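J.: What follows is work_13.csv, CSV, C-alpha atoms.
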```csv
chain,number,residue,atom,x,y,z
H,7,MET,CA,0.0,0.0,0.0
H,8,ARG,CA,1.3,3.4,-0.9
H,9,LEU,CA,-0.1,6.7,0.3
H,10,SER,CA,-0.5,9.6,-2.1
H,11,THR,CA,0.9,13.1,-1.5
H,12,LYS,CA,-2.5,13.9,0.1
H,13,GLY,CA,-1.9,11.6,3.0
H,14,ARG,CA,1.8,12.3,3.4
H,15,TYR,CA,1.6,16.1,3.1
H,16,GLY,CA,-1.7,16.3,5.1
H,17,LEU,CA,-0.1,14.4,7.9
H,18,LYS,CA,3.0,16.6,7.9
H,19,ALA,CA,0.8,19.7,7.9
H,20,MET,CA,-1.4,18.4,10.7
H,21,LEU,CA,1.8,17.6,12.8
H,22,ASP,CA,3.0,21.2,12.1
H,23,LEU,CA,-0.4,22.5,13.3
H,24,ALA,CA,-0.2,20.4,16.4
H,25,LEU,CA,3.3,21.5,17.2
H,26,HIS,CA,2.0,25.1,17.2
H,27,ASN,CA,-1.2,24.2,19.1
H,28,GLY,CA,-2.1,26.8,21.6
H,29,GLU,CA,-0.4,29.6,19.8
H,30,GLY,CA,-3.5,30.8,18.0
H,31,PRO,CA,-4.6,30.3,14.4
H,32,VAL,CA,-1.8,29.2,12.1
H,33,ALA,CA,-1.7,30.5,8.6
H,34,LEU,CA,-1.4,27.9,5.8
H,35,LYS,CA,1.4,30.1,4.4
H,36,SER,CA,3.4,29.5,7.5
H,37,ILE,CA,2.9,25.7,7.4
H,38,ALA,CA,3.7,25.7,3.6
H,39,GLU,CA,7.0,27.5,4.3
H,40,ARG,CA,8.1,25.4,7.2
H,41,GLN,CA,7.2,22.1,5.5
H,42,ASN,CA,8.2,23.2,2.0
H,43,LEU,CA,4.7,22.4,0.6
H,44,SER,CA,2.5,24.2,-1.9
H,45,GLU,CA,0.1,26.6,-0.1
H,46,ASN,CA,-2.5,26.0,-2.8
H,47,TYR,CA,-2.3,22.2,-2.3
H,48,LEU,CA,-2.6,22.7,1.5
H,49,GLU,CA,-5.8,24.7,0.9
H,50,GLN,CA,-7.3,21.6,-0.8
H,51,LEU,CA,-6.1,19.3,2.0
H,52,PHE,CA,-7.4,21.5,4.8
H,53,ALA,CA,-10.8,21.7,3.2
H,54,ALA,CA,-11.0,17.9,3.6
H,55,LEU,CA,-9.6,18.1,7.1
H,56,LYS,CA,-12.1,20.7,8.1
H,57,LYS,CA,-15.0,18.7,6.6
H,58,ALA,CA,-13.7,15.7,8.7
H,59,GLY,CA,-13.8,17.8,11.8
H,60,HIS,CA,-10.0,17.8,12.4
H,61,VAL,CA,-9.5,21.5,12.0
H,62,THR,CA,-11.4,24.8,12.3
H,63,SER,CA,-10.7,28.0,10.4
H,64,VAL,CA,-10.5,31.5,11.6
H,65,ARG,CA,-11.0,34.3,9.1
H,66,GLY,CA,-9.3,37.7,9.0
H,67,ALA,CA,-5.9,39.2,9.1
H,68,GLN,CA,-4.9,37.1,12.1
H,69,GLY,CA,-6.8,34.0,10.8
H,70,GLY,CA,-5.6,30.6,10.0
H,71,TYR,CA,-6.3,27.1,11.2
H,72,LEU,CA,-6.6,25.5,14.6
H,73,LEU,CA,-6.9,21.9,15.7
H,74,ALA,CA,-10.6,21.1,16.4
H,75,LYS,CA,-9.7,18.7,19.1
H,76,ASN,CA,-6.8,17.8,21.4
H,77,PRO,CA,-3.9,16.2,19.5
H,78,ASP,CA,-4.2,13.2,21.8
H,79,SER,CA,-7.7,12.5,20.5
H,80,ILE,CA,-6.9,12.7,16.7
H,81,THR,CA,-5.6,9.4,15.4
H,82,ILE,CA,-3.3,9.2,12.4
H,83,GLY,CA,-5.8,6.8,10.9
H,84,SER,CA,-8.6,9.3,11.0
H,85,ILE,CA,-6.4,11.9,9.3
H,86,LEU,CA,-5.3,9.5,6.6
H,87,ARG,CA,-8.8,8.2,5.9
H,88,SER,CA,-10.2,11.8,5.7
H,89,LEU,CA,-7.6,12.5,3.0
H,90,GLU,CA,-7.1,9.2,1.2
H,91,GLY,CA,-10.4,7.4,1.9
H,92,SER,CA,-10.2,3.7,2.9
H,93,LEU,CA,-6.8,2.3,3.6
H,94,ALA,CA,-7.8,-1.1,2.2
H,95,PRO,CA,-5.2,-2.5,-0.2
H,96,VAL,CA,-7.8,-3.6,-2.7
H,97,ASP,CA,-11.4,-2.5,-3.6
H,98,CYS,CA,-13.1,-5.7,-2.6
H,99,VAL,CA,-12.3,-5.2,1.1
H,100,VAL,CA,-13.1,-1.5,1.4
H,101,GLU,CA,-15.1,-1.1,4.6
H,102,ASP,CA,-18.2,0.7,3.5
H,103,LYS,CA,-18.7,-0.3,-0.1
H,104,PRO,CA,-16.6,-3.3,-1.2
H,105,ALA,CA,-16.4,-3.8,-4.9
H,106,LYS,CA,-17.7,-7.2,-6.0
H,107,CYS,CA,-16.1,-9.3,-8.7
H,108,ASP,CA,-17.1,-12.6,-10.1
H,109,GLN,CA,-15.2,-14.4,-7.4
H,110,PHE,CA,-16.2,-12.2,-4.5
H,111,ASP,CA,-18.1,-14.9,-2.5
H,112,ASN,CA,-15.5,-17.6,-3.1
H,113,CYS,CA,-12.2,-15.7,-3.2
H,114,VAL,CA,-9.6,-17.3,-1.0
H,115,THR,CA,-7.1,-14.4,-1.3
H,116,LYS,CA,-9.7,-12.0,0.1
H,117,ILE,CA,-8.7,-13.0,3.7
H,118,VAL,CA,-5.2,-11.8,2.9
H,119,TRP,CA,-6.4,-8.4,1.9
H,120,GLU,CA,-8.7,-8.2,4.9
H,121,LYS,CA,-5.8,-9.0,7.3
H,122,ILE,CA,-3.6,-6.4,5.6
H,123,ARG,CA,-6.5,-3.8,5.8
H,124,ASP,CA,-7.1,-4.6,9.5
H,125,SER,CA,-3.4,-4.5,10.4
H,126,VAL,CA,-2.9,-1.2,8.7
H,127,ASN,CA,-6.0,0.3,10.3
H,128,GLU,CA,-4.9,-1.0,13.7
H,129,ALA,CA,-1.4,0.5,13.4
H,130,VAL,CA,-2.5,3.9,12.2
H,131,ASP,CA,-5.4,4.1,14.7
H,132,SER,CA,-3.0,3.3,17.6
H,133,ILE,CA,-1.0,6.4,17.0
H,134,THR,CA,-2.3,9.9,17.7
H,135,LEU,CA,-1.2,13.3,16.6
H,136,GLY,CA,-0.2,13.8,20.3
H,137,ASP,CA,2.1,10.8,20.1
H,138,LEU,CA,3.9,12.4,17.1
H,139,VAL,CA,4.2,15.8,18.9
H,140,LYS,CA,5.8,14.0,21.8
H,141,GLU,CA,8.3,12.3,19.5
H,142,ALA,CA,9.0,15.6,17.7
H,143,ASN,CA,9.7,17.3,21.0
H,144,LYS,CA,12.2,14.5,21.9
H,145,GLY,CA,14.1,15.6,18.9
H,146,SER,CA,13.2,12.7,16.6
H,147,VAL,CA,13.4,13.4,12.9
H,148,LEU,CA,10.0,13.0,11.2
H,149,SER,CA,9.7,12.8,7.4
```
Starting from the file, give its structure as structure tokens.

T.:
Amino acid sequence: MRLSTKGRYGLKAMLDLALHNGEGPVALKSIAERQNLSENYLEQLFAALKKAGHVTSVRGAQGGYLLAKNPDSITIGSILRSLEGSLAPVDCVVEDKPAKCDQFDNCVTKIVWEKIRDSVNEAVDSITLGDLVKEANKGSVLS
């Protein structure tokens, strides 16, 4: 499974926002500069993150974005799914609307894809944005 730039850049931007949590609204321009990302692309990502309830926006000269919840209550999985959709490795094991092929009911390999999906979900849901903030504050290098 490979994440697109949506997931990778969105997670970096959310971590940046979490690292500046409590400092007031953070402008996308600031995040873009610190993370070397396109501000226009971040606007698209933050629209999805806002829709998912992860961030709120503040308009005006001193406006920007704030985390909608405590970083300890935002899982990496919820961020990635809000940007990427399902993290299932193949369409036939997508959680809400699995695609059905001719072999759907008799497919032996489907259990492999379900185990991969479940393991990925378990891993990313066990890590919070708060966990990443703690790691970053220890001096770990995050890419």

J.: I'd like the contact shell of Phe110 of chain H - 12 Å cut-off, only C-alpha atoms, skipping same-chain residues fewer than 5 positions apart - returned as a PDB file with C-alpha atoms, in the frame of the given file.

T.:
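So selection-v7.pdb came out as:
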```pdb
ATOM      1  CA  ASP H  97     -11.400  -2.500  -3.600  1.00  0.00           C
ATOM      2  CA  CYS H  98     -13.100  -5.700  -2.600  1.00  0.00           C
ATOM      3  CA  VAL H  99     -12.300  -5.200   1.100  1.00  0.00           C
ATOM      4  CA  PRO H 104     -16.600  -3.300  -1.200  1.00  0.00           C
ATOM      5  CA  ALA H 105     -16.400  -3.800  -4.900  1.00  0.00           C
ATOM      6  CA  THR H 115      -7.100 -14.400  -1.300  1.00  0.00           C
ATOM      7  CA  LYS H 116      -9.700 -12.000   0.100  1.00  0.00           C
ATOM      8  CA  ILE H 117      -8.700 -13.000   3.700  1.00  0.00           C
TER       9      ILE H 117
END
```

J.: Counting all atoms listed in the file, which residues have an atom no more than 10 Å from (-1.1, 27.2, 12.5) in the file's coordinates? Please list them as a PyMOL selection string.

T.: chain H and resi 19-20+22-37+63+69-73

J.: Need the neighbours of (-12.2, 7.1, 2.3): which residues are at most 12 Å away, counting only C-alpha atoms, as a PDB file with C-alpha atoms, in the coordinates of the input?

T.:
```pdb
ATOM      1  CA  GLY H  13      -1.900  11.600   3.000  1.00  0.00           C
ATOM      2  CA  ALA H  54     -11.000  17.900   3.600  1.00  0.00           C
ATOM      3  CA  ALA H  58     -13.700  15.700   8.700  1.00  0.00           C
ATOM      4  CA  GLY H  83      -5.800   6.800  10.900  1.00  0.00           C
ATOM      5  CA  SER H  84      -8.600   9.300  11.000  1.00  0.00           C
ATOM      6  CA  ILE H  85      -6.400  11.900   9.300  1.00  0.00           C
ATOM      7  CA  LEU H  86      -5.300   9.500   6.600  1.00  0.00           C
ATOM      8  CA  ARG H  87      -8.800   8.200   5.900  1.00  0.00           C
ATOM      9  CA  SER H  88     -10.200  11.800   5.700  1.00  0.00           C
ATOM     10  CA  LEU H  89      -7.600  12.500   3.000  1.00  0.00           C
ATOM     11  CA  GLU H  90      -7.100   9.200   1.200  1.00  0.00           C
ATOM     12  CA  GLY H  91     -10.400   7.400   1.900  1.00  0.00           C
ATOM     13  CA  SER H  92     -10.200   3.700   2.900  1.00  0.00           C
ATOM     14  CA  LEU H  93      -6.800   2.300   3.600  1.00  0.00           C
ATOM     15  CA  ALA H  94      -7.800  -1.100   2.200  1.00  0.00           C
ATOM     16  CA  ASP H  97     -11.400  -2.500  -3.600  1.00  0.00           C
ATOM     17  CA  VAL H 100     -13.100  -1.500   1.400  1.00  0.00           C
ATOM     18  CA  GLU H 101     -15.100  -1.100   4.600  1.00  0.00           C
ATOM     19  CA  ASP H 102     -18.200   0.700   3.500  1.00  0.00           C
ATOM     20  CA  LYS H 103     -18.700  -0.300  -0.100  1.00  0.00           C
ATOM     21  CA  PRO H 104     -16.600  -3.300  -1.200  1.00  0.00           C
TER      22      PRO H 104
END
```

J.: Calculate how many Å separate atom CA of Val118 of chain H from atom CA of Asp137 of chain H, rounding to one decimal.

T.: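 Between these atoms lies a distance of 29.3 Å.
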
J.: Report, in Å to a single decimal, how far apart atom CA of Thr11 of chain H and atom CA of Asn46 of chain H are.

T.: 13.4 Å

J.: I'd like the contact shell of Glu45 of chain H - 12 Å cut-off, all atoms listed in the file, skipping same-chain residues fewer than 2 positions apart - returned as a list in words.

T.: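 Everything that qualifies: Tyr15, Gly16, Ala19, Ala33, Leu34, Lys35, Ser36, Ile37, Ala38, Glu39, Arg40, Gln41, Asn42, Leu43, Tyr47, Leu48, Glu49, Gln50, Leu51 and Phe52 of chain H.
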
J.: Taking into account all atoms listed in the file, which residue in the set H:Thr62, H:Gln109, H:Ser132, H:Ser44 is nearest to Ile82 of chain H?

T.: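 Among the listed residues, H:Ser132 lies closest to Ile82 of chain H.
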
J.: Kindly give the distance, in Å, that separates atom CA of Gly145 of chain H and atom CA of Thr81 of chain H, rounded to a single decimal.

T.: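 That distance, rounded to one decimal, is 20.9 Å.
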